[in-house]
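Engineer: This is input_1.txt, which holds compact mmCIF, C-alpha atoms:
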# COMPACT_ATOMS: atom_id res chain seq x y z
CA MET A 1 6.82 -29.00 20.38
CA THR A 2 3.17 -29.32 19.64
CA ASP A 3 1.82 -29.72 16.13
CA ASP A 4 0.22 -26.23 16.29
CA ILE A 5 3.55 -24.56 17.05
CA LEU A 6 5.33 -26.51 14.29
CA GLU A 7 2.60 -25.62 11.79
CA LYS A 8 2.78 -21.94 12.72
CA GLU A 9 6.58 -21.94 12.31
CA ARG A 10 6.26 -23.59 8.88
CA ALA A 11 3.65 -21.03 7.79
CA GLU A 12 5.82 -18.11 8.95
CA LYS A 13 8.83 -19.52 7.07
CA GLU A 14 6.78 -19.90 3.88
CA LEU A 15 5.49 -16.32 4.17
CA THR A 16 9.01 -15.00 4.69
CA GLU A 17 10.23 -16.84 1.59
CA LYS A 18 7.34 -15.49 -0.53
CA ARG A 19 7.97 -11.83 0.34
CA ARG A 20 9.51 -9.92 -2.53
CA SER A 21 10.45 -6.78 -0.63
CA PRO A 22 11.46 -6.01 2.94
CA ARG A 23 8.78 -5.22 5.50
CA LYS A 24 8.87 -2.04 7.53
CA THR A 25 7.60 -2.27 11.09
CA LEU A 26 6.07 0.96 12.32
CA ALA A 27 7.32 2.73 15.42
CA GLU A 28 3.84 4.09 16.12
CA PRO A 29 0.37 2.72 15.34
CA ALA A 30 -1.23 3.47 11.98
CA GLN A 31 -4.88 2.88 11.19
CA VAL A 32 -6.23 0.76 8.36
CA LEU A 33 -9.74 1.73 7.25
CA ASP A 34 -12.25 -0.09 5.07
CA SER A 35 -12.60 2.41 2.22
CA ASP A 36 -16.16 1.33 1.41
CA THR A 37 -17.53 1.87 4.91
CA GLY A 38 -14.99 4.23 6.50
CA GLN A 39 -14.88 1.87 9.49
CA LEU A 40 -11.64 1.02 11.28
CA MET A 41 -10.44 -2.36 10.04
CA GLY A 42 -7.42 -2.57 12.34
CA VAL A 43 -3.93 -1.42 13.14
CA LEU A 44 -1.09 -1.68 10.64
CA GLU A 45 1.56 -4.12 11.84
CA ASP A 46 4.05 -3.79 8.98
CA VAL A 47 4.14 -2.64 5.38
CA SER A 48 6.15 -3.19 2.21
CA ARG A 49 5.92 -2.06 -1.41
CA ASN A 50 3.91 -5.20 -2.17
CA GLY A 51 1.66 -5.61 0.84
CA PHE A 52 1.01 -5.19 4.53
CA SER A 53 -0.20 -6.98 7.62
CA VAL A 54 -2.89 -5.70 9.93
CA LEU A 55 -4.00 -6.57 13.44
CA THR A 56 -7.77 -6.75 13.35
CA GLY A 57 -10.75 -7.73 15.45
CA GLN A 58 -12.36 -9.68 12.63
CA GLN A 59 -11.36 -12.74 10.65
CA VAL A 60 -10.64 -12.03 6.98
CA ARG A 61 -11.35 -14.66 4.34
CA LEU A 62 -8.46 -15.82 2.17
CA SER A 63 -8.53 -14.29 -1.33
CA GLU A 64 -10.98 -11.62 -0.15
CA LEU A 65 -10.42 -8.31 -1.95
CA ARG A 66 -10.66 -5.17 0.17
CA LYS A 67 -10.51 -1.49 -0.70
CA VAL A 68 -8.49 -0.01 2.14
CA THR A 69 -7.08 3.30 3.25
CA ILE A 70 -3.87 3.21 5.25
CA ILE A 71 -3.18 6.33 7.30
CA LEU A 72 0.61 6.55 7.42
CA PRO A 73 2.42 8.79 9.89
CA GLY A 74 4.48 11.61 8.44
CA PRO A 75 6.84 14.33 9.65
CA LEU A 76 5.71 16.84 12.26
CA GLU A 77 2.68 14.76 13.28
CA SER A 78 1.24 14.87 9.75
CA THR A 79 -0.44 11.88 8.10
CA HIS A 80 -0.87 10.64 4.56
CA ARG A 81 -3.80 8.55 3.35
CA ILE A 82 -2.95 5.83 0.86
CA ASN A 83 -5.80 4.09 -0.95
CA MET A 84 -5.45 0.66 -2.51
CA LEU A 85 -7.11 -2.59 -3.42
CA ALA A 86 -5.56 -5.52 -1.57
CA GLU A 87 -6.13 -9.27 -1.39
CA CYS A 88 -5.95 -11.26 1.84
CA VAL A 89 -3.24 -13.93 1.49
CA TRP A 90 -3.27 -15.20 5.08
CA CYS A 91 -5.16 -14.75 8.33
CA GLN A 92 -4.20 -16.16 11.73
CA SER A 93 -5.90 -16.01 15.08
CA GLY A 94 -3.94 -14.60 17.97
CA ASN A 95 -2.32 -11.31 18.78
CA LYS A 96 1.23 -10.67 17.54
CA GLN A 97 1.75 -7.41 19.45
CA GLY A 98 0.82 -7.12 23.10
CA ASP A 99 0.06 -3.40 22.82
CA HIS A 100 -2.95 -3.91 20.55
CA ASN A 101 -5.92 -6.00 21.62
CA ARG A 102 -6.80 -7.68 18.32
CA ASP A 103 -8.04 -11.20 17.66
CA TYR A 104 -6.47 -11.75 14.23
CA ALA A 105 -3.44 -10.85 12.16
CA ALA A 106 -4.02 -10.76 8.39
CA GLY A 107 -1.62 -10.33 5.49
CA PHE A 108 -2.61 -8.50 2.31
CA GLN A 109 -1.00 -8.29 -1.11
CA LEU A 110 -1.37 -5.07 -3.09
CA LYS A 111 -3.48 -5.49 -6.22
CA GLU A 112 -4.18 -1.92 -7.33
CA ILE A 113 -2.78 1.42 -6.23
CA GLU A 114 -2.84 4.85 -7.86
CA GLU A 115 0.52 6.16 -9.01
CA GLN A 116 0.62 9.06 -6.51
CA ASP A 117 -0.18 6.66 -3.65
CA ALA A 118 2.54 4.26 -4.81
CA VAL A 119 5.02 7.15 -4.82
CA ALA A 120 3.94 8.20 -1.32
CA LEU A 121 4.30 4.60 -0.09
CA ASN A 122 7.80 4.38 -1.59
CA TYR A 123 8.82 7.63 0.12
CA PHE A 124 7.41 6.35 3.39
CA MET A 125 9.36 3.09 3.05
CA ARG A 126 12.55 5.02 2.34
CA ASP A 127 12.25 7.87 4.85
CA TYR A 128 10.22 6.74 7.83
Written as structure tokens, how would this file's structure read?
Structural biologist:
Amino acid sequence: MTDDILEKERAEKELTEKRRSPRKTLAEPAQVLDSDTGQLMGVLEDVSRNGFSVLTGQQVRLSELRKVTIILPGPLESTHRINMLAECVWCQSGNKQGDHNRDYAAGFQLKEIEEQDAVALNYFMRDY
């Protein structure tokens, strides 16, 4: 194995060990928006009660704080917008999912979320 592959495997193992709650992979794409600009930041890869990962076309700096809106799918083709402040805890080049043409995958940890959005996220994690 090359050093790059070994390093990537070590990083993935460390991330898995640091996660405090299970991740939910979405069956259909969900958008992640930059709340300040309204621009599409990327596509949600997975989500948990403590954070999420996003496939994005732009590199995100470690420790960067972002106000984001995640548009989660709901029943009967409805959606729910969840607003939060999140901190980038990792960013890797390369596409994890072949269906989405993105240059980077970035992981974010939740820093601030309104109570009603936290409740909606918990329901989504339980029911979707």
Engineer: When distances are computed from all atoms listed in the file, which of A:Ser63, A:Thr25, A:Gln58, A:Ser93 shows the smallest separation from Leu110 (chain A)?
Structural biologist: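 For Leu110 (chain A), the nearest of the given residues is A:Ser63.
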Engineer: From the set A:Leu26, A:Ala106, A:Leu76, A:Leu33, which residue has the shortest atom-to-atom contact distance to Thr56 (chain A), counting all atoms listed in the file?
Structural biologist: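 So, comparing all the options, the nearest one is A:Ala106.
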Engineer: For region 111-127 of chain A, please output as a list in words all residues within 9 Å (counting only C-alpha atoms; exclusion window: fewer than 6 positions along the same chain).
Structural biologist: Arg23, Lys24, Val47, Ser48, Arg49, Asn50, Gly51, Leu65, Leu72, Pro73, Gly74, His80, Arg81, Ile82, Asn83, Met84, Leu85, Ala86 and Glu87 of chain A
Engineer: Could you name the residues that touch Gln92 (chain A) at 10 Å or less, counting all atoms listed in the file, but leaving out those on the same chain fewer than 5 positions away, as a ChimeraX atom specification?
Structural biologist: /A:8,55,59-60,103-107
Engineer: May I ask for the distance between CA of Val43 (chain A) and CA of Gln31 (chain A), given in Å to one decimal place?
Structural biologist: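 Between CA of Val43 (chain A) and CA of Gln31 (chain A) the gap works out to 4.8 Å.
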Engineer: How many Å separate CA of Ser53 (chain A) from CA of Thr69 (chain A)?
Structural biologist: 13.1 Å
Engineer: Using Å and a single decimal, report how far CA of Thr79 (chain A) sits from CA of Arg61 (chain A).
Structural biologist: 28.9 Å
Engineer: Go through A:Phe108, A:Lys67, A:Ser78, A:Glu28 one by one, measure the shortest atom-to-atom distance of each to Val54 (chain A) using only C-alpha atoms, and give the residue with the smallest value.
Structural biologist: A:Phe108
Engineer: What are the centre and the three edge lengths of an axis-aligned box that wraps all atoms of region 23-36 of chain A in the file, given that 3 Å is added to every side, written as AutoDock Vina command-line options and rounded to one decimal in Å?
Structural biologist:
--center_x -3.6 --center_y -0.6 --center_z 8.8 --size_x 31.0 --size_y 15.3 --size_z 20.7
